[in-house]
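Here is the structure we will look at, set down as structure tokens.
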Amino acid sequence: MDSSAPSSKTSIEIERRFLVKRIKTNKPLSGCTKDHISQGYFGSLPGKTMRVRIKNNSTTIFTVKRGSGISRDEIETTVINENIGKAALDACVFTLSKTRYTFDGWELDIFEGPLKGLVLLERELSSEDEELPPFPDFLEIDQEVTNSINNLALAEASAMLTEDVNPNQLLTLMSVTPLPMVVLTGGPCSGKSTSMQELRERYPELAFVPEVATIVIAQVGIRPPVGDVVGLAKFQKLIYAVQRAFEHAAQDQAIRDGKKAIILDRGSMDNAAYIDGGVEAFAGLLRTTREAEYARYQAVICLSQPSKEVYEQMRSNNPARSEDFETAEALSQRIKDAWRQHPSCHVIPKGDRWQEVSNSVHETLSSLVKGL
């Protein structure tokens, strides 16, 4: 039998995915199976994703995935032919590369190129209700991103980061009626991250997308330049492009997963709060309008800045927060100004106790979801 002949297999993939905040030590990886992976996507149709993957510059695997949630049907065809793999990868709309370490049933993906600094941990399960084992102790886990970050979204983001993609290529991805998107936003220490976690646990019928700027800055390592007007403008264009790519991919994933709506940790207009000149400068820089950006989102929930006493207490528990109260309050106001003209902008008032704020967010979102 010709060993280079294609071989196919059909299976059900049950997988969970987690964002890694930090690798405490690389020592445990020295004895793991290590593979270099380059992969690309021909596009994504409703209910179907088509991918080509080259493993260690030799084996090529063509994959078609169907289904929703953590469980999906998967058809794989393996070809031992380097030329076929490279030709297929060149034809892909979006591509990415990574190094994968396999150990104890876990797969650790360390991304390269424009996504350098991003690390994901995956686990394939035998059933949807299988209990997840303890995380490897040398990894610090940030959050689960099974339903919010997939490799197609990352490949799109990689293309945006390199600015090598022709915007017309996005048209090759088939579009369907989009799901409504709701933005959750707020200033420093407003409780936005806590709210996102609470809502994620409370509303399994919704899809949740993490903050794009945090991933680009903290995970990929691309930071806004200080004192460089041109560099800052380029950074804002980058965040905007990646935001659009993530929203597009989240739509595709959420539709396939049967979700009712998408909740975003910040939206495009949040960028206006970080640009001198506010909304007008933002619109000019990105060649857009306030109305066009508002139209992408069904509603906005904006958390208010807490009192100075509460803020200082929260700030003391978070060393990453460097803003004093006055600076944070001014930023919070700029975020409100960016969104306040949205026809469905809901400002959550400050509260002395977190439970008051949490209840207000829940009641507001519950009312919005019923109307979707």
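We label chains A, B, ... in the order they appear in the structure tokens, count residues from 1 in each chain, and number ligands from 1 in the order shown.
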(request) Find the residues around Asn151 in chain A up to 12 Å (only C-alpha atoms counted), leave out those fewer than 4 positions away in its own chain, and share them as JSON, numbers by chain. (result) {"A": [17, 38, 39, 40, 41, 43, 44, 49, 50, 51, 52, 53, 94, 95, 96, 97, 98, 109, 111, 115, 118, 119, 120, 122, 145, 146, 147, 155, 156, 157, 158, 245, 246, 249, 250, 253]}
Output the selection as a compact mmCIF listing (two decimals), in the first residue's frame - N, CA and C atoms for each residue.
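The result, stored in part-v7.txt:
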# COMPACT_ATOMS: atom_id res chain seq x y z
N ARG A 17 -11.23 24.79 26.01
CA ARG A 17 -10.07 25.65 25.72
C ARG A 17 -9.94 26.72 26.80
N SER A 38 1.55 24.67 11.39
CA SER A 38 1.08 25.80 10.57
C SER A 38 -0.30 25.42 10.07
N GLN A 39 -1.26 26.29 10.22
CA GLN A 39 -2.61 25.95 9.77
C GLN A 39 -3.31 27.16 9.19
N GLY A 40 -4.26 26.88 8.31
CA GLY A 40 -5.00 27.95 7.67
C GLY A 40 -6.44 27.53 7.41
N TYR A 41 -7.25 28.53 7.05
CA TYR A 41 -8.69 28.31 6.87
C TYR A 41 -9.11 28.80 5.49
N GLY A 43 -12.13 29.32 4.84
CA GLY A 43 -13.33 30.11 5.10
C GLY A 43 -14.21 29.35 6.07
N SER A 44 -15.35 29.91 6.38
CA SER A 44 -16.27 29.27 7.32
C SER A 44 -17.70 29.44 6.82
N THR A 49 -16.57 24.42 9.32
CA THR A 49 -15.27 25.08 9.23
C THR A 49 -14.32 24.16 8.47
N MET A 50 -13.55 24.71 7.53
CA MET A 50 -12.63 23.92 6.72
C MET A 50 -11.20 24.40 6.96
N ARG A 51 -10.34 23.48 7.39
CA ARG A 51 -8.98 23.84 7.81
C ARG A 51 -7.95 22.92 7.17
N VAL A 52 -6.75 23.47 6.93
CA VAL A 52 -5.61 22.66 6.54
C VAL A 52 -4.51 22.88 7.57
N ARG A 53 -3.87 21.80 8.00
CA ARG A 53 -2.82 21.89 9.02
C ARG A 53 -1.59 21.11 8.56
N PHE A 94 -6.91 32.80 5.87
CA PHE A 94 -6.22 33.22 7.09
C PHE A 94 -5.34 32.08 7.58
N THR A 95 -4.17 32.41 8.13
CA THR A 95 -3.24 31.40 8.61
C THR A 95 -2.65 31.80 9.96
N LEU A 96 -2.09 30.81 10.66
CA LEU A 96 -1.36 31.06 11.90
C LEU A 96 -0.36 29.93 12.09
N SER A 97 0.59 30.15 13.00
CA SER A 97 1.56 29.11 13.33
C SER A 97 1.75 29.06 14.84
N LYS A 98 2.10 27.87 15.33
CA LYS A 98 2.24 27.67 16.77
C LYS A 98 3.07 26.43 17.05
N ASP A 109 -0.67 25.21 23.43
CA ASP A 109 -0.31 25.89 22.18
C ASP A 109 0.34 27.23 22.47
N PHE A 111 1.74 30.36 20.56
CA PHE A 111 1.59 30.94 19.23
C PHE A 111 2.82 31.74 18.82
N LEU A 115 1.01 36.67 16.71
CA LEU A 115 0.32 36.25 17.94
C LEU A 115 1.30 35.81 19.03
N LEU A 118 0.75 34.78 23.01
CA LEU A 118 -0.54 34.17 23.30
C LEU A 118 -0.35 32.67 23.55
N VAL A 119 -0.95 32.18 24.64
CA VAL A 119 -0.83 30.76 25.00
C VAL A 119 -2.21 30.22 25.35
N LEU A 120 -2.58 29.10 24.75
CA LEU A 120 -3.85 28.45 25.03
C LEU A 120 -3.61 27.01 25.48
N GLU A 122 -5.59 23.30 25.85
CA GLU A 122 -6.78 22.57 25.40
C GLU A 122 -6.80 21.17 26.00
N VAL A 145 -12.17 29.88 27.43
CA VAL A 145 -12.54 30.60 26.21
C VAL A 145 -13.06 29.64 25.14
N THR A 146 -13.62 28.50 25.59
CA THR A 146 -14.12 27.49 24.65
C THR A 146 -15.09 28.08 23.64
N ASN A 147 -15.99 28.93 24.11
CA ASN A 147 -17.04 29.47 23.24
C ASN A 147 -16.76 30.88 22.74
N ALA A 155 -6.60 33.24 13.65
CA ALA A 155 -6.00 33.35 12.32
C ALA A 155 -6.40 34.67 11.66
N GLU A 156 -7.66 35.06 11.84
CA GLU A 156 -8.12 36.36 11.31
C GLU A 156 -7.36 37.49 12.00
N ALA A 157 -7.23 37.39 13.34
CA ALA A 157 -6.52 38.43 14.09
C ALA A 157 -5.06 38.51 13.65
N SER A 158 -4.45 37.36 13.39
CA SER A 158 -3.06 37.33 12.94
C SER A 158 -2.90 38.08 11.63
N ALA A 245 -12.47 41.69 13.76
CA ALA A 245 -12.21 40.28 13.44
C ALA A 245 -12.80 39.35 14.49
N PHE A 246 -12.64 39.72 15.77
CA PHE A 246 -13.17 38.89 16.86
C PHE A 246 -14.70 38.88 16.84
N ALA A 249 -15.77 36.56 14.01
CA ALA A 249 -15.59 35.14 14.35
C ALA A 249 -16.55 34.71 15.45
N ALA A 250 -16.82 35.62 16.40
CA ALA A 250 -17.77 35.29 17.48
C ALA A 250 -19.17 35.07 16.92
N GLN A 253 -19.15 31.57 15.39
CA GLN A 253 -19.13 30.53 16.42
C GLN A 253 -20.46 30.47 17.16
(request) Do a neighbour search on Arg202 in chain A at 10 Å with only C-alpha atoms, toss out local chain neighbours closer than 5 positions, and write the hits as a ChimeraX atom specification. (result) /A:196-197,362
Would you export the selected residues with N, CA and C atoms as a JSON list (two decimals), in the first residue's frame, please?
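Listing of out-v5.json after writing:
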[["chain", "number", "residue", "atom", "x", "y", "z"],
["A", 196, "MET", "N", -18.78, 40.26, 33.92],
["A", 196, "MET", "CA", -18.67, 39.32, 32.80],
["A", 196, "MET", "C", -18.63, 37.88, 33.29],
["A", 197, "GLN", "N", -17.88, 37.64, 34.36],
["A", 197, "GLN", "CA", -17.79, 36.28, 34.89],
["A", 197, "GLN", "C", -19.13, 35.83, 35.46],
["A", 362, "HIS", "N", -27.68, 42.45, 36.11],
["A", 362, "HIS", "CA", -28.47, 41.26, 35.79],
["A", 362, "HIS", "C", -29.88, 41.63, 35.33]]
(request) From the DSSP assignment of the backbone, select every residue of range 27-269 of chain A that is alpha helix (DSSP H), and format the answer as a ChimeraX atom specification. (result) /A:82-90,151-162,192-202,212-214,229-256
(message) To test your reading of the structure, identify every residue in range 92-145 of chain A that backbone DSSP assigns to strand (DSSP E or B), and report it as a list in words.
(response) Phe94, Thr95, Leu96, Ser97, Lys98, Thr99, Arg100, Tyr101, Thr102, Phe103, Trp106, Glu107, Leu108, Asp109, Ile110, Phe111, Val119, Leu120, Leu121, Glu122, Arg123, Glu124, Leu139, Glu140, Ile141, Asp142, Gln143 and Glu144 of chain A
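With only C-alpha atoms as the atoms that count, the minimum distance from Ile301 in chain A to the choices A:Thr327, A:Ser344, A:Ser268, A:Thr288 is reached by A:Ser344.
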Pull the closest atom pair for each residue of range 250-318 of chain A that gets at most 10 Å from range 69-85 of chain A, along with the distance in Å to one decimal, counting only C-alpha atoms, ordering rows by chain and then ascending residue number, as a tab-separated table.
residue	atom	partner	partner_atom	distance
A:Gln253	CA	A:Gly69	CA	8.7
A:Ala254	CA	A:Gly69	CA	8.7
A:Arg256	CA	A:Gly69	CA	7.8
A:Asp257	CA	A:Gly69	CA	4.9
A:Gly258	CA	A:Gly69	CA	8.1
A:Lys259	CA	A:Gly69	CA	9.3
Restrict the selected residues to N, CA and C atoms and save them as a tab-separated table (two decimals), in the first residue's frame.
chain	number	residue	atom	x	y	z
A	253	GLN	N	-19.15	31.57	15.39
A	253	GLN	CA	-19.13	30.53	16.42
A	253	GLN	C	-20.46	30.47	17.16
A	254	ALA	N	-20.99	31.62	17.53
A	254	ALA	CA	-22.23	31.67	18.31
A	254	ALA	C	-23.42	31.12	17.52
A	256	ARG	N	-23.24	28.86	15.15
A	256	ARG	CA	-23.07	27.41	15.08
A	256	ARG	C	-23.38	26.75	16.42
A	257	ASP	N	-23.16	27.48	17.51
A	257	ASP	CA	-23.42	26.93	18.84
A	257	ASP	C	-24.87	27.12	19.28
A	258	GLY	N	-25.67	27.78	18.46
A	258	GLY	CA	-27.08	27.98	18.81
A	258	GLY	C	-27.31	29.00	19.90
A	259	LYS	N	-26.39	29.97	20.05
A	259	LYS	CA	-26.54	30.99	21.08
A	259	LYS	C	-27.59	32.02	20.66
(request) Go ahead and compute the interatomic distance for CA of Gly186 in chain A and CA of Asp270 in chain A, in Å to one decimal. (result) 8.9 Å
(message) I want to know what sits within 12 Å of Val229 in chain A, based on only C-alpha atoms, with residues of the same chain fewer than 4 positions away left out; could you give that as a VMD selection string?
(response) chain A and resid 224 to 225 233 to 236 275 to 276 285
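The nearest approach to Val310 in chain A among the residues A:Asp352, A:Glu144, A:Asp104, A:Glu205, with only C-alpha atoms taken into account, belongs to A:Asp352.
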(message) Under the rule that only C-alpha atoms are counted, which of A:Phe208, A:Pro134, A:Leu184, A:Lys116 is the nearest residue to Val220 in chain A?
(response)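 Checking each of A:Phe208, A:Pro134, A:Leu184, A:Lys116 against Val220 in chain A, counting only C-alpha atoms, the winner is A:Lys116.
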(message) Taking only C-alpha atoms into account, name the residue in A:Glu309, A:Asp265, A:Asp137, A:Asp228 that is nearest to Val209 in chain A.
(response) A:Asp265
